$ cat entry-v9.cif   # mmCIF, C-alpha atoms
data_run
loop_
_atom_site.group_PDB
_atom_site.id
_atom_site.type_symbol
_atom_site.label_atom_id
_atom_site.label_comp_id
_atom_site.auth_asym_id
_atom_site.auth_seq_id
_atom_site.Cartn_x
_atom_site.Cartn_y
_atom_site.Cartn_z
ATOM 1 C CA MET A 1 -34.568 9.390 1.230
ATOM 2 C CA ILE A 2 -33.814 9.819 -2.468
ATOM 3 C CA PHE A 3 -34.806 7.170 -4.998
ATOM 4 C CA THR A 4 -33.266 6.766 -8.424
ATOM 5 C CA ASP A 5 -36.373 8.229 -10.054
ATOM 6 C CA GLY A 6 -35.658 11.484 -8.235
ATOM 7 C CA ARG A 7 -38.602 11.519 -5.864
ATOM 8 C CA LEU A 8 -38.880 11.379 -2.089
ATOM 9 C CA PHE A 9 -40.443 8.447 -0.239
ATOM 10 C CA VAL A 10 -42.387 9.961 2.649
ATOM 11 C CA ALA A 11 -45.008 8.221 4.790
ATOM 12 C CA GLY A 12 -45.362 5.364 2.307
ATOM 13 C CA GLN A 13 -45.740 7.551 -0.780
ATOM 14 C CA LEU A 14 -43.446 8.752 -3.548
ATOM 15 C CA ARG A 15 -43.548 12.519 -4.011
ATOM 16 C CA ASP A 16 -41.721 15.251 -5.840
ATOM 17 C CA GLY A 17 -39.616 17.808 -4.034
ATOM 18 C CA ALA A 18 -37.472 20.829 -4.713
ATOM 19 C CA ARG A 19 -34.463 20.076 -6.915
ATOM 20 C CA ALA A 20 -30.966 20.930 -5.732
ATOM 21 C CA ALA A 21 -27.624 20.709 -7.489
ATOM 22 C CA VAL A 22 -24.957 18.805 -5.558
ATOM 23 C CA ARG A 23 -21.565 20.387 -6.217
ATOM 24 C CA SER A 24 -18.038 19.140 -5.761
ATOM 25 C CA PRO A 25 -16.251 21.000 -2.961
ATOM 26 C CA TRP A 26 -13.076 20.988 -5.068
ATOM 27 C CA ASP A 27 -14.166 22.662 -8.295
ATOM 28 C CA ASP A 28 -17.867 23.510 -7.793
ATOM 29 C CA VAL A 29 -18.853 21.222 -10.693
ATOM 30 C CA VAL A 30 -22.366 19.778 -10.448
ATOM 31 C CA VAL A 31 -21.941 16.072 -9.639
ATOM 32 C CA ALA A 32 -25.583 15.168 -8.995
ATOM 33 C CA ASP A 33 -29.123 16.445 -8.961
ATOM 34 C CA ALA A 34 -30.914 15.732 -5.696
ATOM 35 C CA VAL A 35 -34.378 16.204 -4.247
ATOM 36 C CA GLU A 36 -34.634 18.154 -1.018
ATOM 37 C CA ALA A 37 -37.221 17.382 1.612
ATOM 38 C CA GLY A 38 -39.007 20.416 2.977
ATOM 39 C CA ALA A 39 -40.250 21.038 6.508
ATOM 40 C CA THR A 40 -43.658 19.496 5.706
ATOM 41 C CA ASP A 41 -41.974 16.369 4.289
ATOM 42 C CA LEU A 42 -39.887 16.040 7.448
ATOM 43 C CA ASP A 43 -42.861 16.542 9.763
ATOM 44 C CA GLU A 44 -44.869 13.917 7.854
ATOM 45 C CA ALA A 45 -41.957 11.447 7.870
ATOM 46 C CA ILE A 46 -41.509 11.856 11.624
ATOM 47 C CA ALA A 47 -45.241 11.415 12.242
ATOM 48 C CA ALA A 48 -45.267 8.288 10.053
ATOM 49 C CA GLY A 49 -42.337 6.895 12.039
ATOM 50 C CA VAL A 50 -44.166 7.484 15.297
ATOM 51 C CA ARG A 51 -47.275 5.752 13.906
ATOM 52 C CA ALA A 52 -45.158 2.798 12.707
ATOM 53 C CA ALA A 53 -43.343 2.322 16.029
ATOM 54 C CA PRO A 54 -45.882 -0.083 17.591
ATOM 55 C CA ALA A 55 -45.825 -2.361 14.532
ATOM 56 C CA MET A 56 -42.022 -2.305 14.444
ATOM 57 C CA ARG A 57 -41.864 -3.091 18.157
ATOM 58 C CA ALA A 58 -44.213 -6.042 17.613
ATOM 59 C CA MET A 59 -42.339 -7.344 14.546
ATOM 60 C CA PRO A 60 -40.611 -10.661 15.214
ATOM 61 C CA GLY A 61 -36.845 -10.472 15.555
ATOM 62 C CA HIS A 62 -36.288 -12.758 12.569
ATOM 63 C CA ARG A 63 -38.130 -10.295 10.275
ATOM 64 C CA ARG A 64 -36.176 -7.298 11.598
ATOM 65 C CA ARG A 65 -33.000 -9.319 11.188
ATOM 66 C CA ALA A 66 -33.859 -10.144 7.557
ATOM 67 C CA ILE A 67 -34.600 -6.481 6.770
ATOM 68 C CA LEU A 68 -31.361 -5.212 8.333
ATOM 69 C CA ALA A 69 -29.272 -7.948 6.704
ATOM 70 C CA ALA A 70 -30.803 -7.089 3.318
ATOM 71 C CA ILE A 71 -29.844 -3.433 3.823
ATOM 72 C CA ALA A 72 -26.248 -4.449 4.635
ATOM 73 C CA ARG A 73 -26.113 -6.646 1.506
ATOM 74 C CA GLY A 74 -27.583 -3.844 -0.596
ATOM 75 C CA ILE A 75 -24.963 -1.365 0.576
ATOM 76 C CA GLU A 76 -22.243 -3.921 -0.092
ATOM 77 C CA ALA A 77 -23.586 -4.626 -3.588
ATOM 78 C CA ARG A 78 -23.524 -0.906 -4.441
ATOM 79 C CA ALA A 79 -20.285 -0.086 -2.607
ATOM 80 C CA VAL A 80 -18.560 1.259 -5.729
ATOM 81 C CA ASP A 81 -21.504 3.580 -6.471
ATOM 82 C CA PHE A 82 -21.510 4.848 -2.886
ATOM 83 C CA GLU A 83 -17.734 5.330 -2.980
ATOM 84 C CA ASP A 84 -17.917 7.353 -6.197
ATOM 85 C CA THR A 85 -20.746 9.470 -4.771
ATOM 86 C CA ILE A 86 -18.977 10.194 -1.471
ATOM 87 C CA VAL A 87 -15.760 11.141 -3.279
ATOM 88 C CA ALA A 88 -17.593 13.411 -5.733
ATOM 89 C CA GLU A 89 -19.967 15.173 -3.339
ATOM 90 C CA ALA A 90 -17.812 15.382 -0.202
ATOM 91 C CA GLY A 91 -14.346 15.475 -1.729
ATOM 92 C CA LYS A 92 -13.169 12.655 0.535
ATOM 93 C CA PRO A 93 -10.244 10.455 -0.413
ATOM 94 C CA ARG A 94 -11.341 7.026 -1.641
ATOM 95 C CA ARG A 95 -9.782 5.310 1.374
ATOM 96 C CA LEU A 96 -11.972 7.320 3.758
ATOM 97 C CA ALA A 97 -15.057 6.860 1.564
ATOM 98 C CA ARG A 98 -14.516 3.081 1.657
ATOM 99 C CA GLY A 99 -14.215 3.312 5.450
ATOM 100 C CA GLU A 100 -17.597 5.053 5.658
ATOM 101 C CA ILE A 101 -19.182 2.360 3.528
ATOM 102 C CA ALA A 102 -17.578 -0.426 5.555
ATOM 103 C CA ARG A 103 -18.882 1.177 8.757
ATOM 104 C CA ALA A 104 -22.420 1.336 7.343
ATOM 105 C CA ILE A 105 -22.290 -2.336 6.344
ATOM 106 C CA THR A 106 -20.893 -3.282 9.750
ATOM 107 C CA THR A 107 -23.513 -1.261 11.620
ATOM 108 C CA PHE A 108 -26.441 -2.857 9.788
ATOM 109 C CA SER A 109 -24.855 -6.312 10.081
ATOM 110 C CA PHE A 110 -24.314 -5.918 13.839
ATOM 111 C CA ALA A 111 -27.870 -4.644 14.248
ATOM 112 C CA ALA A 112 -29.193 -7.628 12.275
ATOM 113 C CA ASP A 113 -27.245 -10.050 14.455
ATOM 114 C CA ARG A 114 -28.514 -8.325 17.600
ATOM 115 C CA CYS A 115 -32.119 -9.011 16.538
ATOM 116 C CA ALA A 116 -31.553 -12.642 17.472
ATOM 117 C CA THR A 117 -31.350 -11.562 21.121
ATOM 118 C CA ARG A 118 -32.992 -8.853 23.188
ATOM 119 C CA GLU A 119 -30.563 -8.699 26.052
ATOM 120 C CA GLU A 120 -29.146 -5.187 25.546
ATOM 121 C CA GLN A 121 -30.534 -1.815 24.601
ATOM 122 C CA LEU A 122 -27.183 -0.444 23.388
ATOM 123 C CA LEU A 123 -25.398 -1.775 20.325
ATOM 124 C CA PRO A 124 -21.598 -1.684 20.765
ATOM 125 C CA LEU A 125 -19.933 -0.772 17.473
ATOM 126 C CA ASP A 126 -16.325 -1.496 18.388
ATOM 127 C CA GLY A 127 -16.507 -5.118 17.243
ATOM 128 C CA ALA A 128 -14.987 -4.283 13.839
ATOM 129 C CA PRO A 129 -11.867 -2.295 12.959
ATOM 130 C CA THR A 130 -13.583 0.179 10.597
#
$ encode --input "entry-v9.cif" --output "structure tokens"
Amino acid sequence: MIFTDGRLFVAGQLRDGARAAVRSPWDDVVVADAVEAGATDLDEAIAAGVRAAPAMRAMPGHRRRAILAAIARGIEARAVDFEDTIVAEAGKPRRLARGEIARAITTFSFAADRCATREEQLLPLDGAPT
């Protein structure tokens, strides 16, 4: 995960990583400077996720719901920034970039709503047209 200060958040800690230029596929212009996670960062993030699983499993549904709903709202609040980034770094048309963003918002919103019940293991994602 990349934060605006240009560091990685791994296993509860901010850390520096290797810098990488993100280039436009259209004209090879540098559109962003990103931090890349290395193999050690990935291994530590996976291990931290495994360690956190019991606490997440025990977390009340209303707290999970609040977290997921906040993520959906955050994506929605920064939709224009995400759209500009997707267009610049992937070369996608704006219409398709907006579709990606809408799908992310929908996915987190559906997941948040599902936290109110525990009746299914699978989350159907065909409930919205995006």
$ resolve_selection --input "entry-v9.cif" --expression "the PyMOL selection byres ((chain A and resi 109) around 10)" --output "JSON, numbers by chain"
{"A": [65, 68, 69, 70, 71, 72, 73, 103, 104, 105, 106, 107, 108, 110, 111, 112, 113, 114]}
$ atom_distance --input "entry-v9.cif" --atom1 "atom CA of A:Ala11" --atom2 "atom CA of A:Asp33"
22.6 Å
$ closest_residue --input "entry-v9.cif" --among "A:Leu96, A:Gly12, A:Ala79, A:Asp84" --to "A:Ala45" --atoms "all atoms listed in the file"
A:Gly12
$ closest_residue --input "entry-v9.cif" --among "A:Ala21, A:Ala48, A:Ile101, A:Met59" --to "A:Glu76" --atoms "all atoms listed in the file"
A:Ile101
$ residues_near_point --input "entry-v9.cif" --point "(-43.9, 8.9, 8.6)" --cutoff "10 Å" --atoms "only C-alpha atoms" --output "ChimeraX atom specification"
/A:9-13,41-53
$ write_last_selection --input "entry-v9.cif" --atoms "C-alpha atoms" --output "PDB file, keeping the file's coordinate frame"
ATOM      1  CA  PHE A   9     -40.443   8.447  -0.239  1.00  0.00           C
ATOM      2  CA  VAL A  10     -42.387   9.961   2.649  1.00  0.00           C
ATOM      3  CA  ALA A  11     -45.008   8.221   4.790  1.00  0.00           C
ATOM      4  CA  GLY A  12     -45.362   5.364   2.307  1.00  0.00           C
ATOM      5  CA  GLN A  13     -45.740   7.551  -0.780  1.00  0.00           C
ATOM      6  CA  ASP A  41     -41.974  16.369   4.289  1.00  0.00           C
ATOM      7  CA  LEU A  42     -39.887  16.040   7.448  1.00  0.00           C
ATOM      8  CA  ASP A  43     -42.861  16.542   9.763  1.00  0.00           C
ATOM      9  CA  GLU A  44     -44.869  13.917   7.854  1.00  0.00           C
ATOM     10  CA  ALA A  45     -41.957  11.447   7.870  1.00  0.00           C
ATOM     11  CA  ILE A  46     -41.509  11.856  11.624  1.00  0.00           C
ATOM     12  CA  ALA A  47     -45.241  11.415  12.242  1.00  0.00           C
ATOM     13  CA  ALA A  48     -45.267   8.288  10.053  1.00  0.00           C
ATOM     14  CA  GLY A  49     -42.337   6.895  12.039  1.00  0.00           C
ATOM     15  CA  VAL A  50     -44.166   7.484  15.297  1.00  0.00           C
ATOM     16  CA  ARG A  51     -47.275   5.752  13.906  1.00  0.00           C
ATOM     17  CA  ALA A  52     -45.158   2.798  12.707  1.00  0.00           C
ATOM     18  CA  ALA A  53     -43.343   2.322  16.029  1.00  0.00           C
TER      19      ALA A  53
END
$ atom_distance --input "entry-v9.cif" --atom1 "atom CA of A:Asp28" --atom2 "atom CA of A:Asp81"
20.3 Å
$ axis_aligned_box --input "entry-v9.cif" --around "stretch 48-64 of chain A" --padding-each-side "4 Å" --output "AutoDock Vina command-line options"
--center_x -41.7 --center_y -2.2 --center_z 14.1 --size_x 19.1 --size_y 29.0 --size_z 16.1
